[in-house]
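This is run_17.cif. It holds mmCIF, C-alpha atoms (C1' of nucleotides).
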```
data_structure
#
loop_
_atom_site.label_atom_id
_atom_site.label_comp_id
_atom_site.auth_asym_id
_atom_site.auth_seq_id
_atom_site.Cartn_x
_atom_site.Cartn_y
_atom_site.Cartn_z
CA MET Z 176 0.00 0.00 0.00
CA ASN Z 177 2.75 2.40 0.93
CA ARG Z 178 4.44 1.75 -2.39
CA ILE Z 179 1.23 2.21 -4.35
CA LEU Z 180 0.58 5.53 -2.59
CA ALA Z 181 4.14 6.73 -3.15
CA ASP Z 182 4.02 5.76 -6.84
CA ALA Z 183 0.74 7.61 -7.26
CA SER Z 184 1.88 10.57 -5.12
CA GLU Z 185 -1.20 10.12 -2.98
CA SER Z 186 -1.44 10.61 0.77
CA LYS Z 187 -2.77 8.06 3.21
CA GLY Z 188 -5.42 10.42 4.56
CA ARG Z 189 -6.92 11.17 1.16
CA THR Z 190 -6.90 7.54 0.08
CA TYR Z 191 -8.38 6.11 3.26
CA HIS Z 192 -11.02 8.86 3.17
CA TYR Z 193 -12.40 7.39 -0.06
CA PHE Z 194 -11.56 3.69 0.36
CA ALA Z 195 -12.13 1.74 3.54
CA ASP Z 196 -9.06 -0.44 3.04
CA LYS Z 197 -6.65 -1.92 0.54
CA GLY Z 198 -9.21 -4.49 -0.55
CA GLU Z 199 -11.79 -1.90 -1.51
CA LEU Z 200 -9.23 -0.01 -3.53
CA PHE Z 201 -8.46 -3.22 -5.39
CA ARG Z 202 -12.14 -4.00 -5.85
CA ALA Z 203 -12.91 -0.55 -7.24
CA THR Z 204 -9.95 -0.72 -9.61
CA LEU Z 205 -10.99 -4.13 -10.89
CA GLU Z 206 -14.64 -3.10 -11.25
CA ARG Z 207 -13.63 -0.17 -13.46
CA ARG Z 208 -11.39 -2.29 -15.64
CA LEU Z 209 -14.13 -4.86 -15.95
CA GLU Z 210 -16.73 -2.35 -17.22
CA PRO Z 211 -16.16 -3.04 -20.94
CA ILE Z 212 -17.15 -6.67 -20.48
CA THR Z 213 -19.92 -6.50 -17.90
CA ASP Z 214 -22.36 -7.60 -20.60
CA PHE Z 215 -20.41 -10.67 -21.65
CA HIS Z 216 -23.28 -13.00 -20.74
CA ALA Z 217 -25.96 -11.20 -22.73
CA ILE Z 218 -27.97 -13.64 -24.82
CA PRO Z 219 -29.69 -12.26 -27.90
CA ASP Z 220 -33.43 -12.79 -28.33
CA GLU Z 221 -33.02 -15.04 -31.35
CA ALA Z 222 -31.46 -17.58 -28.97
CA ARG Z 223 -34.93 -19.07 -28.52
CA GLY Z 224 -34.63 -20.70 -31.94
CA TRP Z 225 -31.10 -21.96 -31.49
CA GLY Z 226 -29.89 -25.50 -31.53
CA ALA Z 227 -27.06 -26.84 -29.42
CA GLY Z 228 -24.49 -26.21 -32.17
CA GLU Z 229 -25.38 -22.53 -32.38
CA PHE Z 230 -25.20 -22.27 -28.62
CA TRP Z 231 -21.67 -23.64 -28.51
CA ALA Z 232 -20.60 -21.41 -31.37
CA ARG Z 233 -21.96 -18.43 -29.49
CA LEU Z 234 -20.19 -19.48 -26.27
CA GLY Z 235 -17.01 -19.90 -28.25
CA SER Z 236 -17.20 -16.34 -29.50
CA VAL Z 237 -17.84 -15.09 -25.95
CA CYS Z 238 -14.67 -16.88 -24.83
CA ASP Z 239 -12.74 -15.48 -27.79
CA ARG Z 240 -13.85 -11.99 -26.87
CA LEU Z 241 -12.86 -12.39 -23.23
CA THR Z 242 -9.50 -13.83 -24.24
CA ARG Z 243 -8.88 -10.95 -26.60
CA VAL Z 244 -9.79 -8.38 -23.93
CA LEU Z 245 -7.38 -10.01 -21.48
CA GLN Z 246 -4.63 -10.07 -24.09
CA ASP Z 247 -5.11 -6.39 -24.92
CA ASP Z 248 -5.48 -5.12 -21.37
CA MET Z 249 -2.39 -6.36 -19.57
CA GLN Z 250 -3.36 -4.49 -16.42
CA LEU Z 251 -6.72 -6.23 -16.28
CA ALA Z 252 -4.96 -9.54 -16.84
CA SER Z 253 -2.65 -8.75 -13.94
CA LEU Z 254 -5.59 -7.83 -11.70
CA MET Z 255 -7.31 -11.08 -12.63
CA ARG Z 256 -4.16 -13.04 -11.83
CA THR Z 257 -3.96 -11.39 -8.42
CA LEU Z 258 -7.65 -12.13 -7.91
CA HIS Z 259 -7.00 -15.77 -8.66
CA GLU Z 260 -3.96 -16.06 -6.45
CA GLU Z 261 -4.76 -14.01 -3.38
CA ARG Z 262 -7.41 -15.05 -0.94
CA ALA Z 263 -7.66 -11.49 0.37
CA ALA Z 264 -8.44 -10.22 -3.12
CA GLN Z 265 -11.18 -12.80 -3.54
CA ALA Z 266 -12.73 -11.75 -0.25
CA ALA Z 267 -12.64 -8.09 -1.25
CA CYS Z 268 -14.20 -8.84 -4.63
CA ALA Z 269 -16.75 -11.39 -3.46
CA ASP Z 270 -19.63 -9.46 -5.06
CA LEU Z 271 -17.87 -9.17 -8.40
CA LEU Z 272 -17.09 -12.88 -8.38
CA ASP Z 273 -20.70 -13.67 -7.54
CA ALA Z 274 -21.87 -11.50 -10.42
CA LEU Z 275 -19.42 -13.25 -12.71
CA ARG Z 276 -20.69 -16.69 -11.65
CA LYS Z 277 -24.27 -15.48 -12.02
CA GLY Z 278 -23.46 -14.29 -15.55
CA ILE Z 279 -21.97 -17.66 -16.39
CA GLY Z 280 -25.03 -19.24 -14.79
CA SER Z 281 -27.37 -17.34 -17.07
CA LEU Z 282 -25.33 -18.43 -20.10
CA LEU Z 283 -25.55 -22.02 -18.95
CA THR Z 284 -29.30 -21.73 -18.33
CA ALA Z 285 -29.69 -20.63 -21.92
CA GLY Z 286 -27.61 -23.63 -22.90
CA GLN Z 287 -29.84 -25.94 -20.91
CA ALA Z 288 -32.92 -24.47 -22.63
CA VAL Z 289 -31.58 -25.59 -26.01
CA GLY Z 290 -30.38 -28.94 -24.69
CA ALA Z 291 -26.69 -28.12 -25.04
CA VAL Z 292 -25.86 -28.14 -21.32
CA ARG Z 293 -26.50 -30.94 -18.84
CA GLY Z 294 -29.17 -30.49 -16.20
CA ASP Z 295 -28.19 -33.32 -13.86
CA LEU Z 296 -25.90 -31.25 -11.64
CA PRO Z 297 -26.55 -28.02 -9.73
CA LEU Z 298 -26.20 -24.93 -11.87
CA ALA Z 299 -24.00 -23.33 -9.22
CA LEU Z 300 -21.55 -26.22 -9.45
CA LEU Z 301 -21.41 -26.00 -13.22
CA SER Z 302 -20.90 -22.21 -13.09
CA ALA Z 303 -18.18 -22.48 -10.48
CA ILE Z 304 -16.17 -25.14 -12.22
CA THR Z 305 -16.58 -23.44 -15.59
CA LEU Z 306 -15.09 -20.26 -14.18
CA ASP Z 307 -12.22 -22.21 -12.63
CA LEU Z 308 -11.67 -24.03 -15.89
CA VAL Z 309 -11.55 -20.82 -17.91
CA VAL Z 310 -9.04 -19.41 -15.46
CA ALA Z 311 -6.95 -22.58 -15.47
CA VAL Z 312 -6.80 -22.81 -19.27
CA ASP Z 313 -6.09 -19.11 -19.58
CA ARG Z 314 -3.32 -19.35 -17.03
CA TRP Z 315 -1.73 -22.30 -18.81
CA PHE Z 316 -1.66 -20.36 -22.05
CA ALA Z 317 -0.26 -17.30 -20.30
CA LEU Z 318 2.56 -19.40 -18.83
CA ASN Z 319 3.32 -21.32 -22.01
CA ALA Z 320 2.67 -18.71 -24.68
CA ALA Z 321 6.39 -18.04 -24.97
CA THR Z 322 7.15 -21.59 -26.10
CA LEU Z 323 4.42 -21.61 -28.76
CA SER Z 324 4.33 -20.17 -32.26
CA ALA Z 325 1.32 -18.02 -33.11
CA ASP Z 326 -0.09 -20.77 -35.33
CA GLU Z 327 0.36 -23.47 -32.73
CA GLU Z 328 -1.25 -21.25 -30.12
CA ALA Z 329 -4.28 -20.49 -32.28
CA ASP Z 330 -4.69 -24.16 -33.10
CA LEU Z 331 -4.33 -25.28 -29.49
CA SER Z 332 -6.63 -22.54 -28.29
CA ARG Z 333 -9.37 -23.71 -30.66
CA ARG Z 334 -9.04 -27.27 -29.46
CA ALA Z 335 -8.78 -26.21 -25.82
CA PHE Z 336 -12.34 -24.91 -26.05
CA THR Z 337 -13.47 -28.52 -25.90
CA LEU Z 338 -11.98 -28.62 -22.40
CA LEU Z 339 -14.58 -26.09 -21.30
CA MET Z 340 -17.37 -27.69 -23.29
CA ALA Z 341 -16.90 -31.30 -22.33
CA PRO Z 342 -17.88 -31.15 -18.65
CA LEU Z 343 -21.02 -29.21 -19.56
CA LEU Z 344 -22.38 -31.67 -22.09
CA PRO Z 345 -25.26 -33.92 -21.05
CA PRO Z 346 -23.70 -37.13 -19.72
CA HIS Z 347 -25.56 -39.32 -22.25
CA SER Z 348 -23.45 -37.74 -24.98
CA LEU Z 349 -20.28 -39.23 -23.49
CA LYS Z 350 -19.46 -42.63 -24.85
CA GLY Z 351 -18.03 -45.13 -22.43
CA SER Z 352 -18.91 -43.37 -19.22
CA LEU Z 353 -18.78 -44.99 -15.82
CA PRO Z 354 -21.67 -46.80 -14.09
CA MET E 9 4.85 -16.86 12.58
CA ASN E 10 5.10 -15.35 16.04
CA ARG E 11 1.83 -17.02 16.99
CA ILE E 12 2.92 -20.38 15.62
CA LEU E 13 6.19 -20.19 17.55
CA ALA E 14 4.43 -19.17 20.76
CA ASP E 15 1.86 -21.98 20.43
CA ALA E 16 4.67 -24.48 19.87
CA SER E 17 6.90 -22.95 22.58
CA GLU E 18 9.68 -22.68 20.04
CA SER E 19 12.18 -19.87 19.79
CA LYS E 20 12.91 -17.84 16.69
CA GLY E 21 16.58 -18.69 16.69
CA ARG E 22 16.03 -22.44 16.77
CA THR E 23 13.32 -22.34 14.11
CA TYR E 24 15.18 -20.11 11.69
CA HIS E 25 18.27 -22.23 12.20
CA TYR E 26 16.46 -25.21 10.63
CA PHE E 27 14.06 -23.47 8.23
CA ALA E 28 15.06 -20.65 5.93
CA ASP E 29 11.71 -18.91 6.21
CA LYS E 30 8.02 -19.35 6.91
CA GLY E 31 7.44 -20.83 3.47
CA GLU E 32 9.94 -23.64 4.02
CA LEU E 33 8.36 -24.48 7.34
CA PHE E 34 5.00 -24.73 5.56
CA ARG E 35 6.47 -26.79 2.74
CA ALA E 36 8.14 -29.25 5.12
CA THR E 37 4.94 -29.63 7.13
CA LEU E 38 2.88 -30.27 4.01
CA GLU E 39 5.42 -32.72 2.60
CA ARG E 40 5.25 -34.81 5.78
CA ARG E 41 1.48 -34.86 5.82
CA LEU E 42 1.47 -35.83 2.18
CA GLU E 43 3.70 -38.85 2.68
CA PRO E 44 0.86 -41.40 3.00
CA ILE E 45 -0.36 -40.55 -0.49
CA THR E 46 2.86 -39.94 -2.39
CA ASP E 47 2.14 -43.11 -4.36
CA PHE E 48 -1.36 -42.11 -5.44
CA HIS E 49 -0.43 -42.24 -9.12
CA ALA E 50 1.03 -45.76 -9.04
CA ILE E 51 -0.34 -47.86 -11.89
CA PRO E 52 -0.33 -51.63 -11.39
CA ASP E 53 1.36 -53.83 -14.00
CA GLU E 54 -1.85 -55.45 -15.12
CA ALA E 55 -2.83 -52.03 -16.49
CA ARG E 56 -1.32 -53.13 -19.80
CA GLY E 57 -4.34 -55.29 -20.46
CA TRP E 58 -6.89 -52.69 -19.41
CA GLY E 59 -9.61 -51.16 -21.47
CA ALA E 60 -10.83 -47.60 -21.14
CA GLY E 61 -13.63 -48.61 -18.77
CA GLU E 62 -11.20 -50.22 -16.34
CA PHE E 63 -8.98 -47.17 -16.49
CA TRP E 64 -11.80 -44.84 -15.52
CA ALA E 65 -12.88 -47.16 -12.74
CA ARG E 66 -9.33 -47.17 -11.43
CA LEU E 67 -9.11 -43.36 -11.63
CA GLY E 68 -12.40 -43.13 -9.80
CA SER E 69 -11.03 -45.20 -6.95
CA VAL E 70 -7.89 -43.04 -6.81
CA CYS E 71 -10.13 -39.98 -6.45
CA ASP E 72 -12.19 -41.74 -3.80
CA ARG E 73 -9.07 -42.57 -1.85
CA LEU E 74 -7.77 -39.00 -2.01
CA THR E 75 -11.16 -37.66 -0.97
CA ARG E 76 -11.28 -40.04 1.98
CA VAL E 77 -7.75 -39.09 3.08
CA LEU E 78 -8.68 -35.40 2.98
CA GLN E 79 -11.86 -36.07 4.96
CA ASP E 80 -9.99 -38.02 7.63
CA ASP E 81 -6.99 -35.72 7.97
CA MET E 82 -8.48 -32.31 8.68
CA GLN E 83 -5.04 -30.79 9.15
CA LEU E 84 -3.94 -31.92 5.72
CA ALA E 85 -7.19 -30.54 4.31
CA SER E 86 -6.46 -27.24 5.97
CA LEU E 87 -2.92 -27.17 4.58
CA MET E 88 -4.28 -27.91 1.12
CA ARG E 89 -6.82 -25.11 1.46
CA THR E 90 -4.06 -22.69 2.42
CA LEU E 91 -1.99 -23.96 -0.48
CA HIS E 92 -4.87 -23.24 -2.81
CA GLU E 93 -5.62 -19.80 -1.44
CA GLU E 94 -2.23 -18.28 -0.74
CA ARG E 95 0.10 -17.34 -3.50
CA ALA E 96 3.04 -17.39 -1.09
CA ALA E 97 2.25 -20.98 -0.12
CA GLN E 98 2.17 -22.01 -3.77
CA ALA E 99 5.55 -20.41 -4.35
CA ALA E 100 7.04 -22.17 -1.34
CA CYS E 101 5.63 -25.53 -2.45
CA ALA E 102 6.36 -25.20 -6.16
CA ASP E 103 8.29 -28.48 -6.22
CA LEU E 104 5.51 -30.40 -4.48
CA LEU E 105 2.97 -28.99 -6.89
CA ASP E 106 5.16 -29.98 -9.81
CA ALA E 107 5.45 -33.50 -8.44
CA LEU E 108 1.68 -33.62 -8.05
CA ARG E 109 1.16 -32.54 -11.66
CA LYS E 110 3.76 -35.05 -12.79
CA GLY E 111 1.92 -37.78 -10.90
CA ILE E 112 -1.32 -36.80 -12.57
CA GLY E 113 0.58 -36.73 -15.85
CA SER E 114 1.73 -40.31 -15.43
CA LEU E 115 -1.83 -41.38 -14.66
CA LEU E 116 -3.01 -39.65 -17.81
CA THR E 117 -0.23 -41.22 -19.86
CA ALA E 118 -1.48 -44.63 -18.75
CA GLY E 119 -4.95 -43.51 -19.77
CA GLN E 120 -3.69 -42.52 -23.19
CA ALA E 121 -2.04 -45.91 -23.60
CA VAL E 122 -5.41 -47.64 -23.25
CA GLY E 123 -7.21 -45.06 -25.38
CA ALA E 124 -9.19 -43.58 -22.53
CA VAL E 125 -7.53 -40.15 -22.55
CA ARG E 126 -7.24 -37.79 -25.51
CA GLY E 127 -3.83 -37.20 -27.07
CA ASP E 128 -4.60 -34.07 -29.06
CA LEU E 129 -3.56 -31.63 -26.35
CA PRO E 130 -0.28 -31.26 -24.41
CA LEU E 131 -0.08 -33.59 -21.45
CA ALA E 132 1.00 -30.70 -19.23
CA LEU E 133 -2.18 -28.82 -20.10
CA LEU E 134 -4.35 -31.82 -19.31
CA SER E 135 -2.54 -32.41 -16.02
CA ALA E 136 -2.81 -28.79 -14.98
CA ILE E 137 -6.49 -28.40 -15.70
CA THR E 138 -7.28 -31.78 -14.13
CA LEU E 139 -5.64 -30.66 -10.91
CA ASP E 140 -7.53 -27.37 -11.00
CA LEU E 141 -10.76 -29.22 -11.69
CA VAL E 142 -10.26 -31.60 -8.78
CA VAL E 143 -9.60 -28.66 -6.50
CA ALA E 144 -12.60 -26.72 -7.82
CA VAL E 145 -15.01 -29.63 -7.41
CA ASP E 146 -13.62 -30.46 -3.98
CA ARG E 147 -13.96 -26.85 -2.90
CA TRP E 148 -17.55 -26.66 -4.11
CA PHE E 149 -18.43 -29.72 -2.09
CA ALA E 150 -16.63 -28.37 0.97
CA LEU E 151 -18.61 -25.12 0.72
CA ASN E 152 -21.94 -26.76 0.03
CA ALA E 153 -21.69 -29.94 2.11
CA ALA E 154 -23.76 -28.34 4.87
CA THR E 155 -26.81 -27.90 2.62
CA LEU E 156 -26.73 -31.50 1.36
CA SER E 157 -27.92 -34.72 2.94
CA ALA E 158 -25.42 -37.58 3.04
CA ASP E 159 -27.33 -39.42 0.31
CA GLU E 160 -27.54 -36.39 -1.95
CA GLU E 161 -23.85 -35.74 -1.45
CA ALA E 162 -22.86 -39.30 -2.31
CA ASP E 163 -25.09 -39.22 -5.40
CA LEU E 164 -23.79 -35.84 -6.56
CA SER E 165 -20.22 -36.83 -5.86
CA ARG E 166 -20.58 -39.90 -8.08
CA ARG E 167 -21.99 -37.84 -10.92
CA ALA E 168 -19.45 -35.06 -10.40
CA PHE E 169 -16.72 -37.49 -11.40
CA THR E 170 -17.92 -37.05 -14.98
CA LEU E 171 -16.83 -33.41 -14.65
CA LEU E 172 -13.25 -34.62 -14.29
CA MET E 173 -13.58 -37.28 -16.94
CA ALA E 174 -15.27 -35.32 -19.67
CA PRO E 175 -12.45 -32.94 -20.63
CA LEU E 176 -10.04 -35.87 -20.79
CA LEU E 177 -12.02 -37.98 -23.22
CA PRO E 178 -10.87 -38.11 -26.85
CA PRO E 179 -12.79 -35.39 -28.70
CA HIS E 180 -14.32 -37.87 -31.18
CA SER E 181 -16.31 -39.30 -28.30
CA LEU E 182 -18.17 -36.01 -27.87
CA LYS E 183 -21.29 -35.81 -29.95
CA GLY E 184 -22.07 -32.45 -31.49
CA SER E 185 -18.72 -30.78 -30.99
CA LEU E 186 -17.70 -27.56 -32.68
CA PRO E 187 -16.02 -27.25 -36.09
"C1'" DA B 269 -17.46 37.29 7.81
"C1'" DC B 270 -17.99 33.60 10.32
"C1'" DA B 271 -19.09 28.87 11.84
"C1'" DT B 272 -19.47 24.45 10.77
"C1'" DA B 273 -18.39 20.55 7.99
"C1'" DA B 274 -15.53 18.02 4.67
"C1'" DA B 275 -11.08 16.86 2.99
"C1'" DT B 276 -6.19 16.19 3.46
"C1'" DA B 277 -1.26 15.31 5.03
"C1'" DG B 278 1.57 12.65 7.43
"C1'" DA B 279 3.10 11.18 12.20
"C1'" DC B 280 2.09 7.33 14.50
"C1'" DC B 281 0.60 2.44 16.03
"C1'" DG B 282 0.44 -2.56 16.59
"C1'" DG B 283 1.81 -6.48 14.32
"C1'" DT B 284 4.51 -8.97 10.74
"C1'" DA B 285 8.53 -11.89 8.90
"C1'" DG B 286 13.11 -12.11 9.37
"C1'" DT B 287 18.19 -10.81 11.40
"C1'" DC B 288 21.79 -10.41 14.77
"C1'" DT B 289 24.33 -10.95 18.87
"C1'" DA B 290 25.68 -13.09 22.72
"C1'" DA B 291 25.26 -16.93 25.62
"C1'" DA B 292 24.85 -21.89 26.14
"C1'" DT B 293 25.89 -26.36 24.69
"C1'" DC B 294 28.15 -29.88 22.20
"C1'" DC B 295 32.18 -32.37 20.52
"C1'" DC B 296 36.62 -34.03 20.20
"C1'" DG B 297 41.73 -34.23 20.61
"C1'" DA B 298 45.24 -33.88 24.26
"C1'" DT D 217 39.30 -34.33 32.35
"C1'" DC D 218 40.07 -30.35 30.45
"C1'" DG D 219 40.08 -26.73 26.82
"C1'" DG D 220 38.67 -24.48 22.80
"C1'" DG D 221 36.48 -24.22 18.45
"C1'" DA D 222 32.05 -25.16 16.22
"C1'" DT D 223 27.23 -25.58 16.56
"C1'" DT D 224 22.89 -24.51 18.53
"C1'" DT D 225 19.78 -21.59 20.95
"C1'" DA D 226 17.15 -17.51 22.99
"C1'" DG D 227 15.19 -13.40 22.28
"C1'" DA D 228 16.08 -8.36 21.52
"C1'" DC D 229 15.96 -5.91 17.58
"C1'" DT D 230 14.98 -4.19 12.64
"C1'" DA D 231 12.45 -2.91 8.54
"C1'" DC D 232 8.23 -2.74 6.79
"C1'" DC D 233 3.24 -3.52 6.43
"C1'" DG D 234 -1.75 -1.99 6.57
"C1'" DG D 235 -4.42 1.03 9.04
"C1'" DT D 236 -5.61 4.99 12.57
"C1'" DC D 237 -5.49 9.54 14.55
"C1'" DT D 238 -4.82 14.29 14.95
"C1'" DA D 239 -4.01 18.68 13.47
"C1'" DT D 240 -4.51 21.70 9.63
"C1'" DT D 241 -6.43 23.29 5.43
"C1'" DT D 242 -10.19 23.94 2.39
"C1'" DA D 243 -14.98 24.21 1.11
"C1'" DT D 244 -19.84 25.58 2.15
"C1'" DG D 245 -23.95 27.71 3.77
"C1'" DT D 246 -25.97 31.82 6.24
#
```
Written form, structure tokens:
Amino acid sequence: MNRILADASESKGRTYHYFADKGELFRATLERRLEPITDFHAIPDEARGWGAGEFWARLGSVCDRLTRVLQDDMQLASLMRTLHEERAAQAACADLLDALRKGIGSLLTAGQAVGAVRGDLPLALLSAITLDLVVAVDRWFALNAATLSADEEADLSRRAFTLLMAPLLPPHSLKGSLP
Amino acid sequence: MNRILADASESKGRTYHYFADKGELFRATLERRLEPITDFHAIPDEARGWGAGEFWARLGSVCDRLTRVLQDDMQLASLMRTLHEERAAQAACADLLDALRKGIGSLLTAGQAVGAVRGDLPLALLSAITLDLVVAVDRWFALNAATLSADEEADLSRRAFTLLMAPLLPPHSLKGSLP
DNA sequence: ACATAAATAGACCGGTAGTCTAAATCCCGA
DNA sequence: TCGGGATTTAGACTACCGGTCTATTTATGT
């Protein structure tokens, strides 16, 4: 905190007048940076007529957009990394995380309506693990991007989408599942 | 650290003589507690003759065993929770985490050998997201166990195993995948 | 113009992980 | 058994952290 304040030439008094603590400052910063993608889970009206294939295509483009935003906004990416790694950050941003999971939940509900997403597990569980999966895949690519050519990365990234998809599919569409 | 030392009636000098810093103390503690399950990824010789179904059954019993160990050893569960939540703990235990991912990797390699696990994505990626998925599912159950009856929990837990399985299956076994 | 309220700077506080010194203890050859 | 160098130990001390408190400045309404 002291370093942040020194870098920004801000005083403690002023800062703590507007933010209760370090966590709220982090939360407010993240919320601002997140503004451009607060509508990521919006589902267009024509979705009613969709089939499962169209749903997955749509979800793919949502993921592409989020990935692109994170690639372009390094500071947002850094905030998200901190959010993932620091318990204190998660506590401070609990409401934002809830909203994010709710947004994913509404996407998945739309997917269930068109038969693309399984309905045999609690929606909250599916939302939670989807978020974790997105983060995990994204983090792996962030760590290993250096060792990959652009072509390889694009190819892998396309195939990695099936990692997100697979756990969401209705279980009867998996061949050779367990008793 | 001061609280830990006071609770254990240990002095600073003695402790810092044997452990470089707080992180190493944590790492050493975790490593000890982890000893009983260091062999979790062992694959018996008869695996050569397995089919995919037997592989998944075997993986299911590995998961069951790990879950049972974590339920019985609350202190290990607590260490694992800290490891998941604290960036500093992850840094201190980087080698243990690597070993864990390597263990998962060797399990998955066995799965690939019998055609149960996809081979179209880097093994390291599959290992990493599998670990994250296990942690995510486990955490969801830990948070929501209170609202579930024992029967519901057992039933859900059995079905939740498909969440781990699904992203590992060869993509051709998913119906209706994306172009 | 004055009184009251809001905003601001920065000294200060309790608590943290980690260091340093000096004393105690161990170990081994004479 | 003694002596002296090396190892081990206790705990005072340091640097730094997030957060509070007070005194001063600045804004606002009458």
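Across all paired C-alpha atoms, the best overlay of chain Z on chain E gives 0.2 Å RMSD.
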* Asked: So what does the PyMOL selection byres ((chain E) within 9 of (chain B)) actually pick up in this one, as a PyMOL selection string?
  -> chain E and resi 9-10+24+29-30
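Put simply, the PyMOL selection byres ((chain D) within 9 of (chain E)) in this file takes in DT224, DT225, DA226 and DG227 of chain D.
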* To do: Rounded to one decimal place, report the CA of Ile279 in chain Z-CA of Ile212 in chain Z distance in Å.
  => 12.7 Å
* What is the CA of Tyr26 in chain E to C1' of DG219 in chain D distance in Å? ->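 For CA of Tyr26 in chain E relative to C1' of DG219 in chain D, the distance reads 28.7 Å.
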* To do: Measure the distance from CA of Leu33 in chain E to CA of Leu87 in chain E in Å and round it to one decimal.
  => 11.9 Å
